[in-house]
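Participant: Before I ask anything, let me first share the structure, which is written out below as C-alpha cells.
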Amino acid sequence: MRVAAKKTYVLRRKVHGKSIMPTVGNFADFNRIELARARAADLARTLVETGMNPNELARKAASPEITLREVFARYRQHLTTRKQKHATPETPRVLDRGVRKHESYKWIDKPIPQITADAIERKYLESKEGVAAKEQAFRTAFTAVRWLIKVEAIAAAGERREPRVVANPFEILGINKHFRAPDQIDREHDEQGKRNPLRPSASLGPFVEAAWSKRLQNDNETGIHYLVLMLLWGCRKSEHAKCVWHELLTEHGPAGAGRKTTSHICLTEDPDWGPYVFFHKTKNGRNHRLPLAPMALSLLKQRQVSAAEEAARRGFEAKSRKFAFPARNPTSKTGHYSDLTDLLGPLREEIGIEKLAPHDLRRSFGAMMTEIGVPEGIKRRFLNHARSDVTDIYTQAEWQLLREWVGKIEQQMFLKAPNVYNALKPVDWPAIPAPPPHVCRPPKPRTGRPRKDLPLAAPAAV
C-alpha cells in the first residue's frame, strides 16, 4: 500500500528486467483486502502477458482513435498556419478534393488502423478515374498520414503513452510501385501530346504575330501584354500576374508592402540591377529576379501608359491601380489579370494549332533556349527550378551574363515575328524585312440577351 494524500493499493512486478508498478485502486474502493488481491492478480496476468503496464493499455484503449477526416483537417490547418513556406491558395483546394474523393470511398470517417492496405490497393486498382486524379487523391492521403505519424510520435512520447497511429496504410501503393515515377509522367505527357510548346521553327512566329494583332480587338491589350511577357520571361502565370510598379512601393513598407516582399517591375536604372522584374516567393518558395532586355522594357513602358490610363478611367482608389496587369472586371477579387483562357482559344484557331495551354508558353521559352544553345546553368537560373545550386543571389558577373542571355533569347524570339520586332526594337536598331501585319478575324458575335444599354428597335409600322 502506498500512502500519500490518500491510501492506494499498488502492484510491483519485474518483467524482462523492467520494474513495472501499476496502480490497483483506492483503498476506500475495496472493503476487503481479498478483493484488492483479486484485482491485482488480474493486473499481474496482463502485465506478464504483454510486458506493459495494464493501466497504460487501458488508457490507450479508451483514447479516441484518429479518423482520416481528422487527419486531413489537422494537416490542412498545419499547412495554412505554419510560418515557413506558407501554403499557396491551391494547396487547400487539393486537400478538399482529397476529402471528397475519400468520402466517396466510404472510409473517410474510419480510424486509420481500420483502413487496411489491401482495401486501399484494391480501391486504387478498381478506380476508373484518370490516373493523375487518382494518384493525387491517394498521394494526398499518404502525405497527410505520414505527417500525422511524426506529430503523434512526439506527442505520445511527451505524454508517456503509445502513439495512436504507427503505420501508414497508404504506403502500400508506393511499396508496390503503383505511383508513376517523374520520368514516366514526362514520357506519357509527350506520348499523349499534353505538352505543346510553340516550336521556334514553325508556330512561334505566327503565334506572336497573331497575338500582337489581337491586342487591337475587344480591349485585349492587357491580356496580350501579359501573354507576351509570360513567353519572354518563361515564368508561371501566377508569378507575373500580381506584379506591381516599383515606384508605388517603399524600400521595406508597412504590412509587407515593400520591394523585398512584393512582386514588382522596375523600369528605371536600379544601381545594382538596372531594369528588372522581381517575383516574390515563387512555386519553390524562393524569390526570382530577371533582367529586362530592351524589347521587354519597351513593351512594359507601353504597358505603364495603358495602366495609368486604366487607373484614370476607374479612379485612382481602385484596387487594380497598383498592378501592371489590372483586371478587366472592376469587381475582381484580386484586382489583377490572371486568366488567358479567353485569349488562347481564338489564337489557336487563328494560326491553326489544336492545343496550347498557358504553361506551354513557359515550355516554349525553354524550347527557344535549347535552340540557341543556352548553357544548362543559365537555363536553370531562368526557369527557377527547385535545385540546390539555384539561388536568388547573384554576383555582378553572373547578373551581367544573365542580361546578355536574356537579350539573345528575346531577339531570337522576336526575329520569328518581324512586325513585333520592328514595333518594340530600340530606335537605334535597324528594322528588319517584314511581311504585311497579321490581321485577326473579327470576334464572333456574343450570344444571349442584348445589353441593357443598347437602344431597343423601333416597333414596326402598322
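Each chain of the C-alpha cells is named A, B, ... in the order shown, its residues numbered from 1; ligands are numbered from 1 in display order.
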From a backbone DSSP assignment, name each residue in range 184-319 of chain A labelled strand (DSSP E or B), as a list in words.
Facilitator: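 Restricting range 184-319 of chain A to strand (DSSP E or B) produces Val244, Trp245, Thr250, Gly258, His264, Ile265, Cys266, Tyr276, Val277, Phe278, Phe279, His288, Arg289, Leu290 and Pro291 of chain A.
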Participant: Of the residues A:Arg328, A:Lys150, A:His288, A:Lys260, which is the one nearest to Glu221 in chain A, using only C-alpha atoms?
Facilitator: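 Result for the nearest residue to Glu221 in chain A: A:Arg328.
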Participant: So that I can check the surroundings of Trp147 in chain A, please list as JSON, numbers by chain every protein, DNA and RNA residue that reaches within 9 Å of it, counting only C-alpha atoms and ignoring chain neighbours fewer than 4 positions away.
Facilitator: {"A": [71, 75, 142, 143, 151, 152]}
Participant: Go ahead and save the residues from that selection, with N, CA and C atoms, as a compact mmCIF listing (two decimals), in the first residue's frame.
Facilitator:
# COMPACT_ATOMS: atom_id res chain seq x y z
N VAL A 71 -7.38 13.57 -39.79
CA VAL A 71 -6.01 13.74 -40.31
C VAL A 71 -5.98 14.85 -41.35
N TYR A 75 -3.95 18.35 -40.93
CA TYR A 75 -2.88 18.64 -41.89
C TYR A 75 -3.18 19.94 -42.64
N PHE A 142 -1.66 9.82 -48.31
CA PHE A 142 -0.38 9.28 -47.83
C PHE A 142 0.45 10.35 -47.13
N THR A 143 0.55 11.53 -47.73
CA THR A 143 1.35 12.61 -47.16
C THR A 143 0.76 13.10 -45.84
N VAL A 151 4.01 13.66 -35.95
CA VAL A 151 3.49 14.53 -34.89
C VAL A 151 3.00 13.70 -33.71
N GLU A 152 2.29 12.61 -34.00
CA GLU A 152 1.73 11.75 -32.95
C GLU A 152 2.84 11.08 -32.15
Participant: Any chance you could list, as a compact mmCIF listing (two decimals) with C-alpha atoms, in the first residue's frame, the residues in range 165-329 of chain A that come up helix (DSSP H, G or I) when DSSP is run on the backbone?
Facilitator:
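Contents of states.txt, freshly written:
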# COMPACT_ATOMS: atom_id res chain seq x y z
CA GLU A 171 2.33 3.46 -48.16
CA ILE A 172 1.42 0.15 -49.79
CA LEU A 173 0.87 1.96 -53.10
CA GLY A 174 4.45 3.21 -53.11
CA ILE A 175 5.90 -0.10 -51.95
CA PRO A 182 8.54 11.56 -62.65
CA ASP A 183 10.31 10.34 -65.81
CA GLN A 184 7.37 8.06 -66.60
CA ILE A 185 4.96 11.01 -66.24
CA ASP A 186 7.10 13.11 -68.58
CA ARG A 187 7.21 10.31 -71.14
CA GLU A 188 3.43 9.81 -71.02
CA HIS A 189 2.81 13.54 -71.42
CA ASP A 190 4.99 13.59 -74.52
CA GLU A 191 3.31 10.49 -75.99
CA GLN A 192 -0.20 11.83 -75.33
CA LEU A 204 6.21 30.51 -82.51
CA GLY A 205 6.47 33.35 -85.05
CA PRO A 206 2.89 33.12 -86.39
CA PHE A 207 1.55 32.90 -82.83
CA VAL A 208 3.36 36.07 -81.68
CA GLU A 209 2.28 37.94 -84.84
CA ALA A 210 -1.35 36.88 -84.32
CA ALA A 211 -1.21 37.82 -80.63
CA TRP A 212 0.19 41.26 -81.45
CA SER A 213 -2.71 41.83 -83.86
CA LYS A 214 -5.24 40.57 -81.29
CA GLU A 221 -4.15 44.86 -74.82
CA THR A 222 -3.61 43.97 -71.14
CA GLY A 223 -4.10 40.28 -71.82
CA ILE A 224 -1.77 40.27 -74.82
CA HIS A 225 0.95 42.12 -72.93
CA TYR A 226 0.51 39.60 -70.11
CA LEU A 227 0.80 36.70 -72.60
CA VAL A 228 3.83 38.05 -74.50
CA LEU A 229 5.76 38.80 -71.30
CA MET A 230 4.98 35.34 -69.94
CA LEU A 231 6.54 33.98 -73.14
CA LEU A 232 9.58 36.30 -72.85
CA TRP A 233 10.27 35.51 -69.20
CA LYS A 237 1.17 32.51 -64.77
CA SER A 238 0.91 33.04 -61.00
CA GLU A 239 4.31 34.75 -60.83
CA HIS A 240 3.97 37.84 -63.01
CA HIS A 246 8.29 49.59 -58.46
CA GLU A 247 7.64 53.28 -57.81
CA LEU A 248 4.44 52.52 -55.86
CA PRO A 254 4.25 48.64 -43.90
CA ALA A 255 2.46 45.31 -43.65
CA GLY A 256 4.77 43.59 -46.14
CA PRO A 294 15.42 46.15 -74.45
CA MET A 295 12.23 44.95 -76.16
CA ALA A 296 10.60 43.76 -72.93
CA LEU A 297 11.44 47.18 -71.48
CA SER A 298 9.80 48.89 -74.47
CA LEU A 299 6.68 46.75 -74.08
CA LEU A 300 6.48 47.49 -70.35
CA LYS A 301 6.71 51.24 -70.95
CA GLN A 302 3.68 50.91 -73.23
CA ARG A 303 2.05 48.82 -70.50
CA GLN A 304 2.69 51.51 -67.89
CA VAL A 305 1.00 54.16 -70.05
CA SER A 306 -2.01 51.89 -70.61
CA ALA A 307 -2.22 51.02 -66.92
CA ALA A 308 -2.17 54.72 -66.00
CA GLU A 309 -5.00 55.41 -68.44
CA GLU A 310 -6.92 52.50 -66.93
CA ALA A 311 -6.40 53.89 -63.43
CA ALA A 312 -7.65 57.30 -64.58
CA ARG A 313 -10.81 55.71 -66.01
CA ARG A 314 -11.55 53.66 -62.92
CA LYS A 319 -7.84 48.13 -56.19
CA SER A 320 -6.38 47.37 -59.63
CA ARG A 321 -4.42 50.64 -59.89
CA LYS A 322 -1.14 49.32 -58.48
Participant: From the list A:Gly285, A:Trp429, A:Ser201, A:Leu267, which residue is nearest Glu371 in chain A when using only C-alpha atoms?
Facilitator: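 Of all the options, A:Ser201 lies closest to Glu371 in chain A.
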Participant: Enumerate, in order of chain and increasing residue number, the residues of range 177-289 of chain A with an atom no farther than 12 Å from range 397-400 of chain A, each with its shortest atom pair and distance in Å to one decimal, counting only C-alpha atoms, as JSON lines.
Facilitator:
{"residue": "A:Asp272", "atom": "CA", "partner": "A:Trp399", "partner_atom": "CA", "distance": 9.6}
{"residue": "A:Trp273", "atom": "CA", "partner": "A:Trp399", "partner_atom": "CA", "distance": 7.8}
{"residue": "A:Gly274", "atom": "CA", "partner": "A:Trp399", "partner_atom": "CA", "distance": 10.1}
{"residue": "A:Pro275", "atom": "CA", "partner": "A:Trp399", "partner_atom": "CA", "distance": 11.8}
{"residue": "A:Tyr276", "atom": "CA", "partner": "A:Trp399", "partner_atom": "CA", "distance": 10.8}
{"residue": "A:Arg289", "atom": "CA", "partner": "A:Trp399", "partner_atom": "CA", "distance": 9.7}
Participant: May I ask which of the residues A:Ala241, A:Arg100, A:Val10, A:Gly373 is the closest one to Gly335 in chain A, counting only C-alpha atoms?
Facilitator: A:Ala241
